[in-house]
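Enquirer: Take a look at my_file28.cif, mmCIF, C-alpha atoms and all ligand atoms:
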```cif
data_final
#
loop_
_atom_site.label_atom_id
_atom_site.label_comp_id
_atom_site.auth_asym_id
_atom_site.auth_seq_id
_atom_site.Cartn_x
_atom_site.Cartn_y
_atom_site.Cartn_z
CA MET A 28 163.66 160.79 85.70
CA ILE A 29 160.98 162.56 83.73
CA LYS A 30 160.19 161.62 80.13
CA ASN A 31 160.19 164.03 77.22
CA LEU A 32 158.42 164.29 73.87
CA SER A 33 161.15 162.44 71.97
CA GLN A 34 160.49 159.32 74.07
CA ILE A 35 156.86 158.84 73.03
CA ASP A 36 154.91 158.34 69.83
CA ILE A 37 152.38 161.16 69.57
CA SER A 38 151.27 160.50 66.02
CA ARG A 39 147.44 160.52 65.68
CA LYS A 40 147.13 160.54 69.49
CA LYS A 41 144.93 162.87 71.52
CA ILE A 42 147.31 164.97 73.58
CA LEU A 43 146.18 166.96 76.62
CA LEU A 44 148.69 169.80 76.66
CA ARG A 45 148.92 171.94 79.82
CA VAL A 46 150.46 175.31 79.06
CA ASP A 47 150.67 178.54 81.07
CA PHE A 48 149.16 181.33 78.96
CA ASN A 49 148.44 183.40 82.10
CA SER A 50 149.46 186.86 80.85
CA PRO A 51 149.02 190.56 81.51
CA ILE A 52 145.74 191.48 79.79
CA ASP A 53 143.33 194.37 79.50
CA PRO A 54 140.20 192.47 80.55
CA GLN A 55 137.78 195.17 79.34
CA ALA A 56 139.21 195.36 75.83
CA GLY A 57 140.06 191.64 75.78
CA VAL A 58 143.61 192.48 74.69
CA ILE A 59 146.67 190.46 75.66
CA LEU A 60 149.36 192.97 76.59
CA ASP A 61 152.37 190.62 76.60
CA ASP A 62 152.50 187.36 74.63
CA LYS A 63 155.93 186.11 75.74
CA ARG A 64 154.47 182.95 77.24
CA PHE A 65 152.56 182.24 73.99
CA ARG A 66 155.75 182.58 71.95
CA GLU A 67 157.65 180.31 74.33
CA HIS A 68 155.07 177.51 74.08
CA LEU A 69 154.94 177.58 70.24
CA ARG A 70 157.69 175.01 69.72
CA THR A 71 155.85 172.42 71.79
CA ILE A 72 152.55 173.01 70.01
CA GLN A 73 154.30 172.78 66.64
CA ALA A 74 155.99 169.54 67.72
CA LEU A 75 152.51 168.07 68.25
CA ARG A 76 151.48 168.73 64.63
CA ASP A 77 150.71 165.04 63.92
CA ALA A 78 148.47 164.75 66.97
CA ILE A 79 145.18 166.25 68.15
CA CYS A 80 146.34 168.96 70.50
CA ILE A 81 143.92 169.81 73.31
CA ILE A 82 145.19 172.86 75.19
CA VAL A 83 144.44 173.21 78.89
CA THR A 84 145.44 176.49 80.49
CA HIS A 85 144.38 179.26 82.88
CA GLN A 86 144.22 183.02 83.16
CA SER A 87 144.58 184.59 86.60
CA ARG A 88 142.64 183.39 89.66
CA PRO A 89 139.04 183.63 90.92
CA GLY A 90 138.32 187.05 92.38
CA LYS A 91 140.86 188.95 90.28
CA LYS A 92 139.87 191.49 87.59
CA ASP A 93 141.73 189.64 84.84
CA PHE A 94 140.12 186.26 85.61
CA THR A 95 138.55 185.90 82.17
CA SER A 96 137.49 183.54 79.41
CA LEU A 97 140.24 182.44 77.00
CA GLU A 98 138.75 183.61 73.71
CA ALA A 99 141.40 186.30 73.26
CA HIS A 100 144.11 183.75 74.15
CA ALA A 101 142.89 181.39 71.40
CA SER A 102 142.95 184.14 68.77
CA ARG A 103 146.43 185.30 69.81
CA LEU A 104 147.68 181.72 69.59
CA GLN A 105 146.05 181.30 66.18
CA GLN A 106 147.82 184.45 64.98
CA LEU A 107 151.23 183.29 66.22
CA LEU A 108 150.80 179.69 65.12
CA GLY A 109 149.50 180.61 61.65
CA LYS A 110 146.82 177.92 61.73
CA PRO A 111 143.30 177.62 63.17
CA VAL A 112 142.85 177.24 66.91
CA THR A 113 139.32 176.25 67.92
CA PHE A 114 138.18 177.81 71.18
CA ILE A 115 135.68 175.73 73.18
CA ASP A 116 133.82 177.53 75.97
CA ASP A 117 133.71 174.37 78.04
CA ILE A 118 136.25 172.29 79.98
CA PHE A 119 135.02 168.69 80.05
CA GLY A 120 131.27 168.83 79.33
CA HIS A 121 129.53 167.54 76.19
CA THR A 122 130.67 170.47 74.06
CA ALA A 123 134.31 169.81 74.87
CA GLN A 124 133.95 166.05 74.48
CA ASP A 125 132.22 166.44 71.08
CA ALA A 126 134.90 168.82 69.85
CA VAL A 127 137.62 166.34 70.72
CA ARG A 128 135.69 163.41 69.23
CA ASN A 129 135.27 165.27 65.93
CA ALA A 130 138.87 166.53 65.75
CA HIS A 131 141.54 165.27 63.34
CA PRO A 132 145.32 164.99 63.72
CA GLY A 133 146.80 168.45 63.23
CA ASP A 134 143.84 170.20 64.89
CA VAL A 135 144.43 172.52 67.83
CA ILE A 136 141.62 172.96 70.36
CA MET A 137 141.76 175.34 73.32
CA LEU A 138 139.49 174.56 76.26
CA GLU A 139 138.01 177.24 78.53
CA ASN A 140 139.98 178.67 81.49
CA VAL A 141 140.51 175.55 83.62
CA ARG A 142 140.39 177.65 86.82
CA PHE A 143 136.68 178.30 86.03
CA ASN A 144 136.36 174.82 87.53
CA ALA A 145 136.56 175.27 91.32
CA GLU A 146 138.52 172.02 91.81
CA GLU A 147 141.50 173.38 89.86
CA ASN A 148 141.93 176.09 92.51
CA LEU A 149 142.41 173.58 95.33
CA LYS A 150 145.83 172.66 96.66
CA LEU A 151 145.76 168.85 96.40
CA ASN A 152 148.33 166.11 96.01
CA GLY A 153 148.34 163.69 93.06
CA GLU A 154 146.12 161.02 94.66
CA GLU A 155 143.59 163.58 95.89
CA SER A 156 143.58 165.31 92.52
CA ALA A 157 142.97 162.00 90.72
CA LYS A 158 139.66 161.71 92.57
CA THR A 159 138.33 165.09 91.44
CA LEU A 160 135.59 165.26 88.81
CA LEU A 161 137.86 167.54 86.82
CA ILE A 162 140.66 164.99 86.47
CA ARG A 163 138.37 161.97 86.10
CA ASN A 164 136.61 163.65 83.14
CA LEU A 165 139.49 165.53 81.57
CA SER A 166 141.78 162.49 81.55
CA LYS A 167 139.22 160.54 79.49
CA MET A 168 139.54 163.09 76.71
CA GLY A 169 143.20 162.35 75.92
CA ASP A 170 145.70 159.49 75.47
CA ILE A 171 148.80 161.27 76.77
CA PHE A 172 149.42 164.29 79.03
CA VAL A 173 152.15 166.76 78.10
CA ASN A 174 153.01 169.34 80.76
CA ASP A 175 154.69 172.44 79.34
CA ALA A 176 153.40 174.86 82.02
CA PHE A 177 156.64 175.69 83.81
CA GLY A 178 155.11 178.94 85.10
CA THR A 179 152.61 176.88 87.12
CA ALA A 180 155.04 174.08 88.07
CA HIS A 181 155.12 175.22 91.73
CA ARG A 182 151.36 174.74 92.16
CA SER A 183 150.09 171.42 93.50
CA GLN A 184 146.81 171.72 91.61
CA PRO A 185 144.77 169.01 89.83
CA THR A 186 145.84 169.52 86.21
CA ILE A 187 149.48 169.80 87.27
CA VAL A 188 149.73 166.83 89.65
CA GLY A 189 146.50 164.88 88.98
CA LEU A 190 146.74 164.28 85.21
CA PRO A 191 150.24 162.70 85.54
CA GLU A 192 148.84 160.49 88.29
CA VAL A 193 146.33 158.87 85.91
CA MET A 194 147.85 159.29 82.43
CA PRO A 195 151.20 158.54 80.77
CA SER A 196 152.85 161.95 80.96
CA VAL A 197 155.86 163.76 79.59
CA ALA A 198 157.42 167.21 79.78
CA GLY A 199 156.94 169.57 76.84
CA LEU A 200 159.86 171.33 75.14
CA LEU A 201 159.56 174.52 77.22
CA MET A 202 159.34 172.61 80.49
CA GLU A 203 162.42 170.63 79.43
CA LYS A 204 164.35 173.79 78.49
CA GLU A 205 163.49 175.51 81.77
CA ILE A 206 164.52 172.50 83.86
CA SER A 207 167.76 172.01 81.96
CA ASN A 208 168.88 175.68 82.04
CA LEU A 209 167.90 176.24 85.67
CA SER A 210 169.52 172.96 86.75
CA ARG A 211 172.76 174.05 85.09
CA VAL A 212 172.91 176.91 87.59
CA PHE A 213 173.24 174.30 90.35
CA GLU A 214 175.72 172.06 88.57
CA GLY A 215 178.31 172.82 85.97
CA ALA A 216 177.83 176.59 85.71
CA PRO A 217 181.10 178.45 85.00
CA ARG A 218 182.49 180.17 88.12
CA PRO A 219 182.42 182.65 89.72
CA VAL A 220 178.64 182.37 90.10
CA THR A 221 176.76 185.48 91.26
CA PHE A 222 173.10 185.62 92.29
CA ILE A 223 171.49 189.08 92.05
CA LEU A 224 168.33 189.14 94.15
CA GLY A 225 165.97 192.11 94.05
CA GLY A 226 162.35 193.13 93.69
CA THR A 227 159.82 192.62 96.44
CA LYS A 228 159.61 188.84 97.00
CA VAL A 229 161.85 189.03 100.03
CA ASP A 230 161.06 185.70 101.71
CA ASP A 231 161.71 183.69 98.53
CA SER A 232 164.89 185.65 97.78
CA ILE A 233 166.21 185.02 101.27
CA ASP A 234 165.48 181.29 100.87
CA VAL A 235 167.39 181.33 97.57
CA ALA A 236 170.33 183.21 99.14
CA HIS A 237 170.55 180.71 101.97
CA HIS A 238 170.30 177.68 99.68
CA VAL A 239 172.91 178.82 97.16
CA LEU A 240 175.40 180.05 99.77
CA SER A 241 175.13 177.10 102.12
CA ASN A 242 175.47 174.59 99.27
CA GLY A 243 178.41 176.36 97.63
CA ILE A 244 176.34 177.04 94.47
CA ALA A 245 176.97 180.79 94.51
CA ASP A 246 180.26 182.59 95.14
CA ARG A 247 178.51 185.92 95.77
CA VAL A 248 174.96 187.12 96.38
CA ILE A 249 174.18 190.72 95.43
CA THR A 250 171.12 192.21 97.12
CA ILE A 251 169.15 194.99 95.41
CA GLY A 252 165.56 196.34 95.53
CA VAL A 253 163.50 195.75 98.66
CA VAL A 254 165.68 192.69 99.38
CA ALA A 255 168.65 195.05 99.87
CA ASN A 256 166.61 197.22 102.24
CA ILE A 257 166.06 194.16 104.45
CA PHE A 258 169.80 193.43 104.51
CA LEU A 259 170.58 197.10 105.26
CA ALA A 260 168.15 196.94 108.20
CA ALA A 261 169.83 193.67 109.25
CA GLN A 262 173.18 195.52 109.33
CA GLY A 263 171.61 197.92 111.83
CA ILE A 264 171.33 200.78 109.31
CA THR A 265 168.43 203.21 109.67
CA ILE A 266 166.61 202.86 106.36
CA GLY A 267 163.99 205.56 107.01
CA LYS A 268 160.29 205.29 107.79
CA PRO A 269 158.88 204.92 104.23
CA SER A 270 161.14 201.91 103.46
CA SER A 271 160.51 200.36 106.92
CA ASP A 272 156.77 200.84 106.45
CA LEU A 273 156.92 199.10 103.05
CA ILE A 274 158.63 196.08 104.66
CA THR A 275 155.91 195.94 107.33
CA GLN A 276 153.19 196.35 104.71
CA LEU A 277 154.62 193.45 102.68
CA GLY A 278 154.70 191.35 105.87
CA TYR A 279 158.47 190.91 105.91
CA ASP A 280 159.51 192.31 109.33
CA ASN A 281 160.46 188.79 110.45
CA GLN A 282 162.89 188.46 107.51
CA ILE A 283 165.30 191.02 108.99
CA ALA A 284 166.53 188.55 111.65
CA ILE A 285 166.90 185.82 109.00
CA ALA A 286 168.93 188.22 106.83
CA LYS A 287 171.13 189.01 109.85
CA ALA A 288 171.83 185.30 110.37
CA ILE A 289 172.85 185.02 106.68
CA LEU A 290 175.18 188.03 107.05
CA ASP A 291 176.71 186.53 110.20
CA GLU A 292 177.32 183.19 108.49
CA PHE A 293 178.40 184.31 105.01
CA GLY A 294 179.79 187.83 105.63
CA GLU A 295 181.53 189.30 102.58
CA LYS A 296 179.87 186.84 100.21
CA VAL A 297 176.69 188.89 100.58
CA PHE A 298 176.89 192.26 98.84
CA VAL A 299 174.75 194.98 100.40
CA PRO A 300 174.85 198.41 98.66
CA GLU A 301 176.94 201.06 100.39
CA ALA A 302 174.96 203.84 98.66
CA VAL A 303 171.34 204.20 97.59
CA ALA A 304 169.10 206.61 95.68
CA ILE A 305 166.27 208.16 97.65
CA ARG A 306 163.44 210.51 96.69
CA LYS A 307 163.99 213.89 98.37
CA ASP A 308 161.86 216.93 97.52
CA GLY A 309 160.49 215.00 94.55
CA ILE A 310 163.82 214.15 92.90
CA ARG A 311 166.51 211.42 92.91
CA VAL A 312 169.27 212.03 95.42
CA GLU A 313 172.20 209.62 95.84
CA ILE A 314 173.41 209.12 99.37
CA PRO A 315 175.66 206.81 101.46
CA VAL A 316 173.59 204.34 103.49
CA ASP A 317 174.60 205.87 106.84
CA GLN A 318 172.94 209.16 105.87
CA ILE A 319 169.45 208.01 104.86
CA PRO A 320 166.95 210.63 106.09
CA ALA A 321 164.06 209.40 108.25
CA ASP A 322 161.36 210.58 105.84
CA CYS A 323 162.71 209.59 102.37
CA PRO A 324 162.07 206.28 100.58
CA ILE A 325 164.96 204.23 99.16
CA LEU A 326 164.01 203.68 95.51
CA ASP A 327 167.20 202.48 93.77
CA ILE A 328 170.81 201.47 94.28
CA GLY A 329 173.06 204.50 93.87
CA GLY A 330 176.56 205.85 93.22
CA THR A 331 179.40 203.78 94.68
CA GLY A 332 176.90 201.00 95.51
CA LEU A 333 176.08 200.58 91.83
CA LYS A 334 179.74 200.73 90.78
CA SER A 335 180.80 197.96 93.19
CA CYS A 336 177.82 195.86 92.13
CA LEU A 337 178.69 196.23 88.42
CA ASP A 338 182.33 195.27 89.17
CA ILE A 339 181.21 192.01 90.79
CA ILE A 340 178.93 191.23 87.82
CA LYS A 341 181.72 191.96 85.30
CA ASN A 342 184.01 189.52 87.11
CA SER A 343 181.39 186.74 87.11
CA LYS A 344 181.05 183.94 84.57
CA THR A 345 177.51 183.04 85.66
CA VAL A 346 174.77 185.41 86.82
CA VAL A 347 171.27 184.66 87.98
CA LEU A 348 169.14 187.83 88.05
CA ASN A 349 165.79 187.81 89.81
CA GLY A 350 163.99 191.07 90.55
CA PRO A 351 164.69 194.74 89.76
CA ALA A 352 167.01 197.10 91.67
CA GLY A 353 164.42 199.78 92.28
CA LEU A 354 161.24 201.52 91.25
CA PHE A 355 162.19 201.17 87.56
CA GLU A 356 158.69 202.23 86.46
CA GLU A 357 159.85 205.81 87.23
CA THR A 358 162.68 207.06 85.00
CA ASP A 359 164.44 208.66 87.97
CA PHE A 360 164.80 205.28 89.67
CA ALA A 361 165.41 202.97 86.68
CA LEU A 362 169.19 203.52 86.46
CA GLY A 363 170.29 200.64 88.71
CA THR A 364 167.97 198.10 87.05
CA TYR A 365 169.07 199.14 83.54
CA GLU A 366 172.82 199.18 84.32
CA ILE A 367 172.67 195.81 86.09
CA ILE A 368 170.81 194.29 83.13
CA LYS A 369 173.41 195.68 80.70
CA ALA A 370 176.29 194.24 82.75
CA ALA A 371 174.55 190.89 83.28
CA ALA A 372 173.88 190.56 79.52
CA ASP A 373 177.65 190.41 78.90
CA VAL A 374 178.23 187.50 81.31
CA GLN A 375 178.98 184.11 79.74
CA PHE A 376 176.04 182.22 81.32
CA SER A 377 173.09 184.41 82.30
CA VAL A 378 169.75 183.35 83.69
CA VAL A 379 166.79 185.61 84.47
CA GLY A 380 163.66 184.98 86.53
CA GLY A 381 160.72 187.21 87.42
CA GLY A 382 158.03 188.76 85.24
CA HIS A 383 159.02 192.41 85.87
CA THR A 384 162.71 191.74 85.25
CA ALA A 385 161.98 189.82 82.02
CA ALA A 386 159.65 192.57 80.80
CA VAL A 387 162.30 195.29 81.31
CA ILE A 388 164.88 193.18 79.47
CA GLU A 389 162.50 192.70 76.56
CA LYS A 390 161.68 196.41 76.49
CA MET A 391 165.42 197.19 76.32
CA GLY A 392 165.77 194.75 73.40
CA TYR A 393 168.30 192.73 75.43
CA ASP A 394 166.40 189.43 75.57
CA LYS A 395 168.53 187.66 72.94
CA ARG A 396 171.68 188.51 74.90
CA PHE A 397 170.72 186.36 77.90
CA THR A 398 171.27 182.60 77.95
CA HIS A 399 167.86 181.91 79.48
CA ILE A 400 164.91 184.06 80.50
CA SER A 401 162.53 181.93 82.50
CA THR A 402 158.78 182.06 81.87
CA GLY A 403 158.28 181.41 85.58
CA GLY A 404 158.11 183.98 88.33
CA GLY A 405 157.20 182.03 91.47
CA ALA A 406 158.13 178.73 89.80
CA CYS A 407 161.62 179.93 88.87
CA ILE A 408 162.42 181.34 92.28
CA GLU A 409 161.08 178.23 94.02
CA PHE A 410 163.21 176.05 91.75
CA LEU A 411 166.23 178.14 92.75
CA THR A 412 165.53 177.52 96.45
CA GLY A 413 166.37 173.90 95.67
CA LYS A 414 162.88 172.51 96.30
CA LYS A 415 161.48 169.89 93.94
CA LEU A 416 158.55 171.50 92.14
CA PRO A 417 155.24 169.58 92.31
CA ALA A 418 154.95 169.42 88.50
CA ILE A 419 158.39 167.82 88.19
CA ALA A 420 157.75 165.33 91.02
CA ALA A 421 154.45 164.38 89.35
CA LEU A 422 156.10 163.84 85.95
CA GLU A 423 158.79 161.67 87.57
CA LYS A 424 156.17 159.57 89.34
CA SER A 425 154.18 159.21 86.12
CA ALA A 426 157.27 158.12 84.16
CA ALA A 427 157.94 155.36 86.72
CA LYS A 428 154.29 154.32 86.91
CA PHE A 429 153.57 154.12 83.17
CA SER A 430 156.96 152.85 81.96
N1 LIG B 501 163.31 199.92 96.59
C1 LIG B 501 162.09 199.69 96.11
N2 LIG B 501 161.00 200.29 96.63
C2 LIG B 501 159.79 200.04 96.13
N3 LIG B 501 159.53 199.18 95.12
C3 LIG B 501 160.56 198.55 94.58
C4 LIG B 501 161.89 198.76 95.03
N4 LIG B 501 162.69 197.97 94.30
C5 LIG B 501 161.91 197.31 93.44
N5 LIG B 501 160.63 197.66 93.59
C6 LIG B 501 159.46 197.17 92.84
O1 LIG B 501 159.49 195.77 92.76
C7 LIG B 501 158.55 195.39 91.77
C8 LIG B 501 158.96 194.10 91.13
O2 LIG B 501 159.25 193.13 92.13
P1 LIG B 501 159.02 191.58 91.85
O3 LIG B 501 157.57 191.34 91.57
O4 LIG B 501 159.62 190.86 93.00
O5 LIG B 501 159.88 191.37 90.52
P2 LIG B 501 159.81 190.18 89.45
O6 LIG B 501 158.42 190.22 88.82
O7 LIG B 501 160.88 190.49 88.44
O8 LIG B 501 160.04 188.92 90.23
C9 LIG B 501 158.51 196.55 90.77
O9 LIG B 501 157.19 197.02 90.66
C10 LIG B 501 159.44 197.61 91.40
O10 LIG B 501 158.94 198.93 91.28
O1 LIG B 502 151.85 183.58 86.34
C1 LIG B 502 152.05 182.69 87.16
O2 LIG B 502 152.87 182.81 88.21
P1 LIG B 502 153.94 184.07 88.39
O3 LIG B 502 153.13 185.34 88.43
O4 LIG B 502 154.64 183.77 89.69
O5 LIG B 502 154.88 183.99 87.21
C2 LIG B 502 151.44 181.33 87.00
O6 LIG B 502 150.49 181.33 85.97
C3 LIG B 502 150.84 180.82 88.31
O7 LIG B 502 149.76 181.64 88.67
P2 LIG B 502 149.27 181.70 90.19
O8 LIG B 502 150.33 182.42 90.99
O9 LIG B 502 147.93 182.45 90.12
O10 LIG B 502 149.08 180.27 90.67
#
```
Could you rewrite the structure in this file as structure tokens?
Ligand SMILES: Nc1ncnc2c1ncn2[C@@H]1O[C@H](COP(=O)(O)OP(=O)(O)O)[C@@H](O)[C@H]1O
Ligand SMILES: O=C(OP(=O)(O)O)[C@H](O)COP(=O)(O)O

Expert:
Amino acid sequence: MIKNLSQIDISRKKILLRVDFNSPIDPQAGVILDDKRFREHLRTIQALRDAICIIVTHQSRPGKKDFTSLEAHASRLQQLLGKPVTFIDDIFGHTAQDAVRNAHPGDVIMLENVRFNAEENLKLNGEESAKTLLIRNLSKMGDIFVNDAFGTAHRSQPTIVGLPEVMPSVAGLLMEKEISNLSRVFEGAPRPVTFILGGTKVDDSIDVAHHVLSNGIADRVITIGVVANIFLAAQGITIGKPSSDLITQLGYDNQIAIAKAILDEFGEKVFVPEAVAIRKDGIRVEIPVDQIPADCPILDIGGTGLKSCLDIIKNSKTVVLNGPAGLFEETDFALGTYEIIKAAADVQFSVVGGGHTAAVIEKMGYDKRFTHISTGGGACIEFLTGKKLPAIAALEKSAAKFS
């Protein structure tokens, strides 16, 4: 069992708070383009108002264009929180240590991008992480570790698994909410339960499909997006060269045989569209799947395929939606994604994962109509495959160790 904030006394303590503020940004202008993750972490930061709150977080990864300092993140947080947030351009050196030493309860400090420290980018287990300079120094700066970074919960990296190894640690309010809503999908969700798997992360989606069908968690799995193209290919349908090339380019050729095995085992429980929308002579054309031309890309679910898919969703009491139905960035191919979102929003218990899917829902103004929109992309989908996430395992171990 992991511990939560209500089980510890945080008053006047120094709290190391790991959040995931990794967000779409314009690195040149230093502008954060989407602050959903900031808004989702606010409750935890506010709950720490009687403590010294030392925020540890990251932006992007080494080598990427948006791997930047966190100055803009600190000012966005300050704006949303309505109180000062002190940005420290240091992680555990003298400047950071002095800032913490001079802080008072109620103060919020944000340390520099923790991935600027090379050790944070290593994949290490808890014991190995505990030996890093990063964890040995960072852990001395706080009394308690609070992990609220659900979006990074699938990474076995030092701040995620090393801090709980050496410090009494609890889950923050967002981490707790994510775990509780996503766990409900596995146990106690109203039936029928339908998983709608789309987008481009084919290997993860296929893992999820297998897990939820073989454990009786889902009654139906609907495939859309590139995931559907894999299942169409697995049915022996000619999906055309552009869509086959995309599968090869993404490195998913080997997934076709795995999809075939799932179809053989679970048959009708797996919904594969019977019609798609392709781009032909520059425009959207809807077509049955046995008539896909060799030179046109499949870019959305279409016609009768969409109708059958919406019928299944309307008859469900739980839906889990992860990944869009097509190239929604182009108006011509956004129909399937938009219609599926509208239908899913009316289902009694509705859970969404995936950054693109969440962003479309927010843009449509539908976010309040879903039960839970996860802040995790990779973390959410990995949770749904039934694996124990490293962050959760580390919090459990810490709870047992420091009880
Ligand atoms: N049939 C398709 N062909 C090409 N791209 C697609 C198709 N279906 C979906 N996509 C693309 O998938 C991307 C999102 O996939 P993914 O990253 O897996 O979603 P999420 O972030 O919601 O998990 C979008 O950019 C969308 O254009
Ligand atoms: O945004 C994140 O993951 P996501 O893009 O899968 O949601 C997390 O911050 C983890 O980042 P990473 O995939 O660079 O380890």

Enquirer: If the limit is 10 Å from any atom of ligand LIG 501 (chain B), counting all atoms listed in the file, which residues qualify? Return them as an NGL selection string.

Expert: :A and (224-229 or 231-232 or 251-256 or 269-270 or 273-274 or 303-305 or 324-328 or 348-357 or 360-361 or 363-364 or 379-387 or 403-405 or 407-408)

Enquirer: Can you tell me how far atom CA of A:Ile118 sits from atom CA of A:Phe143, in Å to one decimal?

Expert: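 Separation of atom CA of A:Ile118 and atom CA of A:Phe143: 8.5 Å.
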
Enquirer: Which residues of chain A have any atom within 12 Å of an atom in ligand LIG 502 (chain B) when counting only C-alpha atoms and all ligand atoms, and what is the closest pair of atoms for each, with the distance in Å to one decimal? Order the rows by chain and rising number and write it as a tab-separated table.

Expert:
```
residue	atom	partner	partner_atom	distance
A:Arg45	CA	B:LIG502	O6	11.3
A:Val46	CA	B:LIG502	O6	9.2
A:Asp47	CA	B:LIG502	O6	5.6
A:Phe48	CA	B:LIG502	O6	7.1
A:Asn49	CA	B:LIG502	O6	4.8
A:Ser50	CA	B:LIG502	O1	6.8
A:Pro51	CA	B:LIG502	O1	8.9
A:Ile52	CA	B:LIG502	O1	11.9
A:Lys63	CA	B:LIG502	O1	11.6
A:Arg64	CA	B:LIG502	O1	9.5
A:Thr84	CA	B:LIG502	O6	8.9
A:His85	CA	B:LIG502	O6	7.2
A:Gln86	CA	B:LIG502	O6	7.1
A:Ser87	CA	B:LIG502	O9	5.3
A:Arg88	CA	B:LIG502	O9	5.4
A:Pro89	CA	B:LIG502	O9	9.0
A:Gly90	CA	B:LIG502	O9	10.9
A:Lys91	CA	B:LIG502	O9	9.6
A:Asp93	CA	B:LIG502	O9	10.9
A:Phe94	CA	B:LIG502	O9	9.8
A:Asn140	CA	B:LIG502	O6	11.7
A:Val141	CA	B:LIG502	O6	11.8
A:Arg142	CA	B:LIG502	O9	9.5
A:Glu147	CA	B:LIG502	O10	10.3
A:Asn148	CA	B:LIG502	O10	8.5
A:Leu149	CA	B:LIG502	O10	10.5
A:Lys150	CA	B:LIG502	O10	10.2
A:Asp175	CA	B:LIG502	O6	11.9
A:Ala176	CA	B:LIG502	O6	8.1
A:Phe177	CA	B:LIG502	C2	8.3
A:Gly178	CA	B:LIG502	C2	4.8
A:Thr179	CA	B:LIG502	C3	4.5
A:Ala180	CA	B:LIG502	C3	7.9
A:His181	CA	B:LIG502	C3	7.8
A:Arg182	CA	B:LIG502	O10	6.2
A:Ser183	CA	B:LIG502	O10	9.3
A:Gln184	CA	B:LIG502	O10	8.9
A:Ile187	CA	B:LIG502	O10	11.0
A:Lys228	CA	B:LIG502	O4	10.2
A:Asp231	CA	B:LIG502	O4	11.3
A:Asn349	CA	B:LIG502	O5	11.8
A:Gly350	CA	B:LIG502	O4	11.9
A:Gly380	CA	B:LIG502	O5	8.9
A:Gly381	CA	B:LIG502	O5	6.7
A:Gly382	CA	B:LIG502	O5	6.0
A:His383	CA	B:LIG502	O5	9.5
A:Thr384	CA	B:LIG502	O5	11.2
A:Ala385	CA	B:LIG502	O5	10.6
A:Ala386	CA	B:LIG502	O5	11.7
A:Ser401	CA	B:LIG502	O5	9.2
A:Thr402	CA	B:LIG502	O5	6.9
A:Gly403	CA	B:LIG502	O5	4.6
A:Gly404	CA	B:LIG502	O5	3.4
A:Gly405	CA	B:LIG502	O4	3.6
A:Ala406	CA	B:LIG502	O4	6.1
A:Cys407	CA	B:LIG502	O4	8.0
A:Ile408	CA	B:LIG502	O4	8.6
A:Glu409	CA	B:LIG502	O4	9.5
A:Phe410	CA	B:LIG502	O4	11.7
```

Enquirer: Considering only C-alpha atoms, state which residue in the set A:Thr412, A:Ser377, A:Ser102, A:Gln318 is at the smallest distance from A:Gly267.

Expert: A:Gln318

Enquirer: Would you compute the distance between atom CA of A:Glu301 and atom CA of A:Val248? Give it in Å to one decimal.

Expert: 14.6 Å
